[in-house]
file work.tsv (TSV, C-alpha atoms)
chain	number	residue	atom	x	y	z
A	1356	MET	CA	7.65	238.85	-32.80
A	1357	THR	CA	9.60	240.71	-30.10
A	1358	LEU	CA	6.47	241.88	-28.29
A	1359	PHE	CA	4.92	238.40	-28.33
A	1360	VAL	CA	8.09	236.83	-26.95
A	1361	LEU	CA	8.27	239.45	-24.19
A	1362	LEU	CA	4.65	238.95	-23.17
A	1363	THR	CA	4.92	235.16	-23.27
A	1364	ALA	CA	8.06	235.08	-21.15
A	1365	LEU	CA	6.68	237.53	-18.57
A	1366	VAL	CA	3.41	235.62	-18.24
A	1367	LEU	CA	5.22	232.31	-17.82
A	1368	ASP	CA	7.56	233.90	-15.29
A	1369	ARG	CA	4.53	234.85	-13.18
A	1370	MET	CA	2.57	231.63	-13.65
A	1371	LEU	CA	5.24	228.94	-13.49
A	1372	GLY	CA	7.13	229.72	-10.32
A	1373	HIS	CA	8.55	226.20	-10.09
A	1374	LEU	CA	10.60	226.86	-13.23
A	1375	GLN	CA	12.87	229.08	-11.15
A	1376	SER	CA	14.54	226.00	-9.70
A	1377	TRP	CA	16.34	225.39	-13.03
A	1378	ARG	CA	17.03	229.07	-13.70
A	1379	ARG	CA	20.42	229.01	-12.05
A	1380	PHE	CA	23.92	230.12	-13.00
A	1381	ASP	CA	25.89	228.40	-10.23
A	1382	GLY	CA	28.01	226.36	-12.63
A	1383	TYR	CA	28.72	229.39	-14.79
A	1384	MET	CA	29.72	231.50	-11.79
A	1385	ARG	CA	32.07	228.78	-10.53
A	1386	LEU	CA	33.63	228.70	-13.99
A	1387	VAL	CA	34.07	232.48	-13.93
A	1388	ALA	CA	35.74	232.36	-10.51
A	1389	ARG	CA	38.10	229.62	-11.70
A	1390	LEU	CA	38.99	231.43	-14.92
A	1391	GLU	CA	39.53	234.71	-13.08
A	1392	ARG	CA	42.23	233.02	-11.01
A	1393	ARG	CA	43.84	231.68	-14.18
A	1394	PHE	CA	43.60	235.04	-15.96
A	1395	SER	CA	46.03	236.65	-13.55
A	1396	ALA	CA	48.41	238.13	-16.10
A	1397	TRP	CA	48.07	240.66	-18.89
A	1398	PRO	CA	46.33	240.68	-21.35
A	1399	TRP	CA	43.81	238.19	-19.94
A	1400	ASN	CA	43.34	239.96	-16.61
A	1401	GLY	CA	41.02	242.60	-18.03
A	1402	PRO	CA	38.41	243.20	-20.73
A	1403	LEU	CA	39.83	240.51	-23.00
A	1404	GLY	CA	39.44	237.86	-20.32
A	1405	VAL	CA	35.85	238.91	-19.63
A	1406	MET	CA	34.95	238.76	-23.31
A	1407	LEU	CA	36.52	235.31	-23.63
A	1408	VAL	CA	34.18	234.13	-20.87
A	1409	VAL	CA	31.00	235.84	-22.06
A	1410	ALA	CA	31.22	236.08	-25.85
A	1411	PRO	CA	31.15	232.36	-26.82
A	1412	LEU	CA	27.80	231.72	-25.10
A	1413	VAL	CA	26.25	234.86	-26.56
A	1414	PHE	CA	27.57	233.99	-30.02
A	1415	LEU	CA	26.16	230.45	-29.82
A	1416	ALA	CA	22.76	231.80	-28.73
A	1417	GLY	CA	22.72	234.10	-31.76
A	1418	ILE	CA	23.77	231.34	-34.15
A	1419	ALA	CA	21.00	229.09	-32.80
A	1420	HIS	CA	18.44	231.87	-33.24
A	1421	TYR	CA	19.29	232.56	-36.86
A	1422	PHE	CA	19.57	228.88	-37.71
A	1423	LEU	CA	16.11	228.17	-36.26
A	1424	LEU	CA	14.73	231.26	-37.97
A	1425	TRP	CA	16.01	229.93	-41.27
A	1426	LEU	CA	14.79	226.41	-40.55
A	1427	PHE	CA	11.29	227.16	-39.21
A	1428	TRP	CA	10.48	230.50	-37.59
A	1429	PRO	CA	8.20	229.14	-34.81
A	1430	LEU	CA	11.23	227.25	-33.50
A	1431	ALA	CA	13.09	230.55	-33.27
A	1432	PHE	CA	10.12	231.98	-31.36
A	1433	LEU	CA	10.27	229.11	-28.86
A	1434	TRP	CA	14.05	229.40	-28.53
A	1435	ASP	CA	13.92	233.14	-27.91
A	1436	GLY	CA	11.08	232.79	-25.40
A	1437	ALA	CA	12.83	230.02	-23.48
A	1438	LEU	CA	16.13	231.88	-23.35
A	1439	LEU	CA	14.49	235.16	-22.32
A	1440	LEU	CA	12.61	233.32	-19.58
A	1441	TYR	CA	15.93	231.87	-18.43
A	1442	THR	CA	17.56	235.31	-18.26
A	1443	LEU	CA	14.83	236.81	-16.07
A	1444	GLY	CA	15.28	236.71	-12.32
A	1445	PRO	CA	16.85	234.30	-11.42
A	1446	ILE	CA	14.05	234.57	-8.78
A	1447	ASN	CA	11.09	236.76	-9.69
A	1448	LEU	CA	10.28	239.71	-7.47
A	1449	GLU	CA	7.05	238.37	-6.01
A	1450	ASP	CA	8.54	235.07	-4.87
A	1451	GLY	CA	11.65	236.75	-3.54
A	1452	ILE	CA	9.72	239.29	-1.51
A	1453	GLN	CA	7.29	236.64	-0.27
A	1454	CYS	CA	10.13	234.82	1.49
A	1455	VAL	CA	11.07	238.07	3.24
A	1456	MET	CA	7.48	238.83	4.25
A	1457	ASP	CA	6.93	235.33	5.63
A	1458	ARG	CA	9.89	235.75	7.99
A	1459	TYR	CA	8.77	239.24	8.97
A	1460	LEU	CA	5.21	238.17	9.79
A	1461	ARG	CA	6.48	235.23	11.85
A	1462	GLY	CA	8.71	237.52	13.87
A	1463	ASP	CA	11.78	235.50	12.85
A	1464	VAL	CA	14.42	238.25	12.99
A	1465	GLN	CA	17.37	236.05	12.05
A	1466	GLY	CA	15.43	234.47	9.21
A	1467	LEU	CA	14.36	237.95	8.09
A	1468	ARG	CA	17.97	239.12	7.97
A	1469	ARG	CA	18.98	236.01	6.05
A	1470	GLU	CA	16.21	236.33	3.47
A	1471	ALA	CA	16.75	240.08	3.14
A	1472	GLN	CA	20.45	239.51	2.52
A	1473	ALA	CA	19.66	236.91	-0.14
A	1474	PHE	CA	17.23	239.32	-1.80
A	1475	LEU	CA	19.33	242.49	-1.62
A	1476	GLY	CA	22.80	241.03	-2.01
A	1477	TYR	CA	24.07	242.67	1.18
A	1478	SER	CA	23.34	242.33	4.89
A	1479	PRO	CA	20.84	244.97	6.08
A	1480	ALA	CA	21.04	246.44	9.57
A	1481	GLY	CA	18.45	247.76	11.99
A	1482	SER	CA	15.15	246.66	13.43
A	1483	PRO	CA	12.77	244.35	11.53
A	1484	GLY	CA	10.78	247.38	10.36
A	1485	GLU	CA	13.93	249.11	9.13
A	1486	ILE	CA	15.05	245.96	7.34
A	1487	LEU	CA	11.68	245.71	5.64
A	1488	GLY	CA	12.02	249.35	4.57
A	1489	GLN	CA	15.42	248.62	3.03
A	1490	VAL	CA	13.93	245.66	1.19
A	1491	ARG	CA	11.11	247.85	-0.11
A	1492	ASP	CA	13.57	250.45	-1.40
A	1493	GLY	CA	15.77	247.70	-2.83
A	1494	LEU	CA	12.84	246.44	-4.88
A	1495	PHE	CA	13.36	249.31	-7.31
A	1496	VAL	CA	16.94	248.21	-7.93
A	1497	GLU	CA	16.08	244.53	-8.13
A	1498	ALA	CA	13.29	245.24	-10.62
A	1499	ASP	CA	15.89	246.77	-12.92
A	1500	ARG	CA	18.28	243.84	-12.56
A	1501	ARG	CA	15.73	241.03	-12.59
A	1502	LEU	CA	13.28	242.42	-15.16
A	1503	PHE	CA	14.04	245.63	-17.01
A	1504	GLY	CA	17.67	244.80	-17.77
A	1505	ALA	CA	16.84	241.61	-19.63
A	1506	ILE	CA	13.69	242.79	-21.40
A	1507	VAL	CA	15.12	246.14	-22.53
A	1508	ASN	CA	18.19	244.47	-24.00
A	1509	PHE	CA	15.99	241.81	-25.58
A	1510	ALA	CA	13.79	244.47	-27.16
A	1511	LEU	CA	16.87	246.20	-28.59
A	1512	PHE	CA	19.23	243.36	-29.46
A	1513	GLY	CA	17.14	240.21	-29.33
A	1514	VAL	CA	18.05	237.08	-27.47
A	1515	MET	CA	21.77	237.89	-27.63
A	1516	GLY	CA	21.18	241.15	-25.76
A	1517	ALA	CA	19.17	239.51	-22.98
A	1518	LEU	CA	21.73	236.76	-22.50
A	1519	LEU	CA	24.64	239.21	-22.58
A	1520	TYR	CA	22.97	241.30	-19.87
A	1521	ARG	CA	22.45	238.33	-17.57
A	1522	LEU	CA	25.91	236.91	-18.15
A	1523	ALA	CA	27.46	240.33	-17.54
A	1524	GLU	CA	25.59	240.60	-14.24
A	1525	ARG	CA	26.51	237.08	-13.13
A	1526	THR	CA	30.13	237.54	-14.22
A	1527	ALA	CA	30.44	240.75	-12.19
A	1528	ILE	CA	29.02	239.10	-9.08
A	1529	ALA	CA	31.25	236.05	-9.49
A	1530	ALA	CA	34.32	238.25	-9.98
A	1531	GLY	CA	33.75	239.91	-6.61
A	1532	HIS	CA	34.09	243.54	-5.66
A	1533	GLY	CA	35.53	245.80	-8.30
A	1534	ARG	CA	35.37	249.37	-9.52
A	1535	VAL	CA	34.51	250.34	-13.06
A	1536	ASP	CA	37.75	252.31	-13.39
A	1537	ASP	CA	39.89	249.29	-12.45
A	1538	MET	CA	41.61	247.58	-15.37
A	1539	ASP	CA	41.63	244.06	-13.92
A	1540	PHE	CA	39.13	241.25	-14.56
A	1541	ALA	CA	36.69	242.33	-11.84
A	1542	GLY	CA	36.75	245.95	-12.97
A	1543	ALA	CA	36.14	244.94	-16.58
A	1544	ALA	CA	33.26	242.68	-15.52
A	1545	TRP	CA	31.55	245.46	-13.55
A	1546	ARG	CA	32.18	247.88	-16.40
A	1547	LEU	CA	30.50	245.53	-18.88
A	1548	PHE	CA	27.55	245.13	-16.52
A	1549	GLY	CA	27.33	248.91	-16.17
A	1550	VAL	CA	27.31	249.33	-19.94
A	1551	MET	CA	24.55	246.74	-20.37
A	1552	ASP	CA	22.55	248.35	-17.54
A	1553	TRP	CA	23.05	251.93	-18.76
A	1554	LEU	CA	19.82	252.18	-20.76
A	1555	PRO	CA	17.62	249.80	-18.70
A	1556	ALA	CA	18.34	251.74	-15.50
A	1557	ARG	CA	17.39	255.04	-17.11
A	1558	LEU	CA	14.25	253.60	-18.69
A	1559	ALA	CA	13.28	252.09	-15.33
A	1560	VAL	CA	13.63	255.50	-13.66
A	1561	LEU	CA	11.54	257.04	-16.44
A	1562	GLY	CA	8.98	254.26	-16.00
A	1563	TYR	CA	8.75	254.94	-12.25
A	1564	ALA	CA	8.22	258.62	-13.03
A	1565	LEU	CA	5.46	257.97	-15.57
A	1566	ALA	CA	3.77	255.37	-13.36
A	1567	GLY	CA	3.97	257.35	-10.12
A	1568	ASN	CA	4.81	260.83	-8.90
A	1569	PHE	CA	6.48	262.24	-12.00
A	1570	HIS	CA	7.85	265.38	-10.37
A	1571	GLY	CA	9.44	263.48	-7.50
A	1572	ALA	CA	11.01	260.77	-9.66
A	1573	TRP	CA	12.20	263.27	-12.24
A	1574	ARG	CA	14.47	264.86	-9.65
A	1575	ALA	CA	16.26	261.53	-9.43
A	1576	MET	CA	16.43	261.36	-13.21
A	1577	ARG	CA	18.35	264.62	-13.19
A	1578	ASP	CA	21.05	262.90	-11.14
A	1579	PHE	CA	21.65	260.67	-14.15
A	1580	PHE	CA	22.00	263.72	-16.38
A	1581	GLU	CA	24.78	265.14	-14.20
A	1582	ASP	CA	27.04	262.41	-15.59
A	1583	PRO	CA	25.04	260.99	-18.51
A	1584	TRP	CA	27.64	258.46	-19.64
A	1585	SER	CA	28.38	256.96	-16.23
A	1586	VAL	CA	28.38	253.16	-16.13
A	1587	ASP	CA	28.90	252.99	-12.36
A	1588	ILE	CA	26.45	250.30	-11.26
A	1589	GLY	CA	26.43	251.70	-7.73
A	1590	ARG	CA	25.27	255.05	-9.06
A	1591	HIS	CA	22.57	253.29	-11.05
A	1592	ALA	CA	21.34	251.64	-7.85
A	1593	ARG	CA	21.24	254.92	-5.93
A	1594	CYS	CA	19.28	256.69	-8.66
A	1595	LEU	CA	16.85	253.79	-9.07
A	1596	ARG	CA	16.22	253.64	-5.34
A	1597	LEU	CA	15.75	257.40	-5.08
A	1598	ALA	CA	13.47	257.56	-8.11
A	1599	GLY	CA	11.27	254.74	-6.87
A	1600	VAL	CA	10.90	256.16	-3.38
A	1601	ARG	CA	10.07	259.61	-4.73
A	1602	ALA	CA	7.65	258.17	-7.27
A	1603	LEU	CA	5.64	256.85	-4.31
A	1604	GLU	CA	5.40	260.29	-2.71
A	1605	GLY	CA	1.77	261.28	-2.31
A	1606	ALA	CA	0.53	257.69	-2.43
A	1607	GLU	CA	-1.86	256.51	0.27
A	1608	ASP	CA	0.81	254.16	1.56
A	1609	ALA	CA	4.35	253.17	0.71
A	1610	SER	CA	4.04	249.47	1.45
A	1611	ILE	CA	5.61	246.53	-0.32
A	1612	ALA	CA	2.35	246.02	-2.22
A	1613	SER	CA	2.36	249.64	-3.43
A	1614	THR	CA	5.97	249.29	-4.52
A	1615	LEU	CA	5.23	246.15	-6.53
A	1616	ALA	CA	2.19	247.85	-8.07
A	1617	LEU	CA	4.35	250.81	-9.15
A	1618	ILE	CA	6.90	248.45	-10.72
A	1619	ASP	CA	4.11	246.63	-12.56
A	1620	ARG	CA	2.77	249.93	-13.91
A	1621	ALA	CA	6.25	250.91	-15.07
A	1622	LEU	CA	6.55	247.55	-16.81
A	1623	VAL	CA	3.21	248.12	-18.54
A	1624	VAL	CA	4.45	251.53	-19.70
A	1625	PHE	CA	7.50	249.92	-21.28
A	1626	LEU	CA	5.52	247.11	-22.91
A	1627	GLY	CA	3.02	249.63	-24.21
A	1628	SER	CA	5.87	251.58	-25.79
A	1629	VAL	CA	7.18	248.41	-27.45
A	1630	GLY	CA	3.64	247.72	-28.65
A	1631	LEU	CA	3.34	251.16	-30.21
A	1632	VAL	CA	6.65	250.73	-31.99
A	1633	THR	CA	5.53	247.31	-33.22
A	1634	VAL	CA	2.21	248.64	-34.52
A	1635	GLY	CA	3.99	251.54	-36.19
A	1636	TYR	CA	6.40	249.13	-37.86
A	1637	TRP	CA	3.56	246.95	-39.13
A	1638	ALA	CA	1.57	249.96	-40.30
A	1639	GLY	CA	4.59	251.34	-42.13

call {"tool": "encode", "arguments": {"input": "work.tsv", "output": "structure tokens"}}
result
Amino acid sequence: MTLFVLLTALVLDRMLGHLQSWRRFDGYMRLVARLERRFSAWPWNGPLGVMLVVAPLVFLAGIAHYFLLWLFWPLAFLWDGALLLYTLGPINLEDGIQCVMDRYLRGDVQGLRREAQAFLGYSPAGSPGEILGQVRDGLFVEADRRLFGAIVNFALFGVMGALLYRLAERTAIAAGHGRVDDMDFAGAAWRLFGVMDWLPARLAVLGYALAGNFHGAWRAMRDFFEDPWSVDIGRHARCLRLAGVRALEGAEDASIASTLALIDRALVVFLGSVGLVTVGYWAG
């Protein structure tokens, strides 16, 4: 059922762009910011506080899944598909990049900077061409956070894994800047996000290698091996960006379209792997 849920959610994510308007976490992020201020003293200002924010929602999602599975399994299928669809994005890559390209083609520099900042999460500098290059490179990171993170955790841990990944990411952003070695709420939030992104980031790099220039991307993969247990989300981003750029080496062009095509091929590689595991399980 996992493969069918993944395929259904990904197809709906591409076809039903208007659904993204309800795929928001604004209320949750405001709640996180409010609770972070209240969790200012030990032991709440740390991992325990983060788990108190995240765990109840994940637990309820799991309870609902198993209850629906017991009641009538197609209902569990619908629940899992809807929740996975909700955890993707929040804005899919194509729609997000289209907003950037529209501003670029119009020559609207200020609008381009604004859309690029919304897409990347930071304010890019330079000329319009340089900004577009930063957006292209950032696509490899955003693909991990908007796609691979949720679907890899769903494939491994079901709907609870996908929801935990997205809540960890939203909690870290809402908590503000923090380092994974900090012991406060923000540090714990970024550490949880790094843990949940540990495998998806590495599988995304491997996918870029298999779908593009393997030799070039593999050099970036070796950077992961230098500190294999690192959960530093910044390091993940650097390796993802480097792997994606090097995977495009030797291509006829390194445009936005080529980047999206490489990401799609990497996604197909992952889904094909899940399909092989599923067939092997059925055959066994």

call {"tool": "atom_distance", "arguments": {"input": "work.tsv", "atom1": "atom CA of Gly1513 of chain A", "atom2": "atom CA of Gly1542 of chain A"}}
result
26.2 Å

call {"tool": "closest_residue", "arguments": {"input": "work.tsv", "among": "A:Trp1553, A:Phe1625, A:Tyr1421, A:Tyr1477", "to": "Val1586 of chain A", "atoms": "all atoms listed in the file"}}
result
A:Trp1553

call {"tool": "residues_around", "arguments": {"input": "work.tsv", "residues": "segment 1422-1436 of chain A", "least_positions_apart": "6", "cutoff": "8 Å", "atoms": "all atoms listed in the file", "output": "PyMOL selection string"}}
result
chain A and resi 1356+1360-1361+1363-1364+1513-1514

call {"tool": "closest_residue", "arguments": {"input": "work.tsv", "among": "A:Ala1592, A:Val1507, A:Phe1540, A:Phe1394", "to": "Thr1357 of chain A", "atoms": "all atoms listed in the file"}}
result
A:Val1507

call {"tool": "closest_residue", "arguments": {"input": "work.tsv", "among": "A:Ala1564, A:Leu1518, A:Cys1594, A:Cys1454", "to": "Ala1437 of chain A", "atoms": "all atoms listed in the file"}}
result
A:Leu1518

call {"tool": "closest_residue", "arguments": {"input": "work.tsv", "among": "A:Arg1468, A:Arg1521, A:Arg1546, A:Arg1393", "to": "Leu1438 of chain A", "atoms": "all atoms listed in the file"}}
result
A:Arg1521

call {"tool": "closest_residue", "arguments": {"input": "work.tsv", "among": "A:Arg1385, A:Gly1562, A:Phe1569, A:Arg1596", "to": "Asp1492 of chain A", "atoms": "only C-alpha atoms"}}
result
A:Arg1596

call {"tool": "closest_residue", "arguments": {"input": "work.tsv", "among": "A:Ala1529, A:Leu1494, A:Leu1622, A:Ile1452", "to": "Arg1593 of chain A", "atoms": "only C-alpha atoms"}}
result
A:Leu1494

call {"tool": "residues_near_point", "arguments": {"input": "work.tsv", "point": "(4.3, 244.7, -8.6)", "cutoff": "12 Å", "atoms": "only C-alpha atoms", "output": "mmCIF file with C-alpha atoms, keeping the file's coordinate frame"}}
result
data_model
loop_
_atom_site.group_PDB
_atom_site.id
_atom_site.type_symbol
_atom_site.label_atom_id
_atom_site.label_comp_id
_atom_site.auth_asym_id
_atom_site.auth_seq_id
_atom_site.Cartn_x
_atom_site.Cartn_y
_atom_site.Cartn_z
ATOM 1 C CA ARG A 1369 4.530 234.850 -13.180
ATOM 2 C CA ASN A 1447 11.090 236.760 -9.690
ATOM 3 C CA LEU A 1448 10.280 239.710 -7.470
ATOM 4 C CA GLU A 1449 7.050 238.370 -6.010
ATOM 5 C CA ASP A 1450 8.540 235.070 -4.870
ATOM 6 C CA GLY A 1451 11.650 236.750 -3.540
ATOM 7 C CA ILE A 1452 9.720 239.290 -1.510
ATOM 8 C CA GLN A 1453 7.290 236.640 -0.270
ATOM 9 C CA ARG A 1491 11.110 247.850 -0.110
ATOM 10 C CA LEU A 1494 12.840 246.440 -4.880
ATOM 11 C CA PHE A 1495 13.360 249.310 -7.310
ATOM 12 C CA GLU A 1497 16.080 244.530 -8.130
ATOM 13 C CA ALA A 1498 13.290 245.240 -10.620
ATOM 14 C CA LEU A 1502 13.280 242.420 -15.160
ATOM 15 C CA TYR A 1563 8.750 254.940 -12.250
ATOM 16 C CA ALA A 1566 3.770 255.370 -13.360
ATOM 17 C CA SER A 1610 4.040 249.470 1.450
ATOM 18 C CA ILE A 1611 5.610 246.530 -0.320
ATOM 19 C CA ALA A 1612 2.350 246.020 -2.220
ATOM 20 C CA SER A 1613 2.360 249.640 -3.430
ATOM 21 C CA THR A 1614 5.970 249.290 -4.520
ATOM 22 C CA LEU A 1615 5.230 246.150 -6.530
ATOM 23 C CA ALA A 1616 2.190 247.850 -8.070
ATOM 24 C CA LEU A 1617 4.350 250.810 -9.150
ATOM 25 C CA ILE A 1618 6.900 248.450 -10.720
ATOM 26 C CA ASP A 1619 4.110 246.630 -12.560
ATOM 27 C CA ARG A 1620 2.770 249.930 -13.910
ATOM 28 C CA ALA A 1621 6.250 250.910 -15.070
ATOM 29 C CA LEU A 1622 6.550 247.550 -16.810
ATOM 30 C CA VAL A 1623 3.210 248.120 -18.540
#

call {"tool": "axis_aligned_box", "arguments": {"input": "work.tsv", "around": "segment 1422-1435 of chain A", "padding_each_side": "5 Å", "output": "JSON"}}
result
{"center_x": 13.9, "center_y": 229.8, "center_z": -34.6, "size_x": 21.4, "size_y": 16.7, "size_z": 23.4}

call {"tool": "atom_distance", "arguments": {"input": "work.tsv", "atom1": "atom CA of Thr1442 of chain A", "atom2": "atom CA of Ser1585 of chain A"}}
result
24.3 Å

call {"tool": "residues_around", "arguments": {"input": "work.tsv", "residues": "Ala1602 of chain A", "least_positions_apart": "4", "cutoff": "6 Å", "atoms": "only C-alpha atoms", "output": "mmCIF file with C-alpha atoms, keeping the file's coordinate frame"}}
result
data_model
loop_
_atom_site.group_PDB
_atom_site.id
_atom_site.type_symbol
_atom_site.label_atom_id
_atom_site.label_comp_id
_atom_site.auth_asym_id
_atom_site.auth_seq_id
_atom_site.Cartn_x
_atom_site.Cartn_y
_atom_site.Cartn_z
ATOM 1 C CA ALA A 1564 8.220 258.620 -13.030
ATOM 2 C CA GLY A 1567 3.970 257.350 -10.120
ATOM 3 C CA ASN A 1568 4.810 260.830 -8.900
ATOM 4 C CA GLY A 1571 9.440 263.480 -7.500
ATOM 5 C CA ALA A 1572 11.010 260.770 -9.660
ATOM 6 C CA ALA A 1598 13.470 257.560 -8.110
#

call {"tool": "atom_distance", "arguments": {"input": "work.tsv", "atom1": "atom CA of Leu1547 of chain A", "atom2": "atom CA of Arg1500 of chain A"}}
result
13.9 Å

call {"tool": "closest_atom_pairs", "arguments": {"input": "work.tsv", "of": "segment 1519-1605 of chain A", "to": "segment 1401-1412 of chain A", "cutoff": "7 Å", "atoms": "only C-alpha atoms", "output": "tab-separated table"}}
result
residue	atom	partner	partner_atom	distance
A:Leu1522	CA	A:Val1409	CA	6.5
A:Met1538	CA	A:Gly1401	CA	5.7
A:Asp1539	CA	A:Gly1401	CA	4.4
A:Phe1540	CA	A:Gly1401	CA	4.2
A:Ala1543	CA	A:Pro1402	CA	5.0
A:Ala1544	CA	A:Val1405	CA	6.1
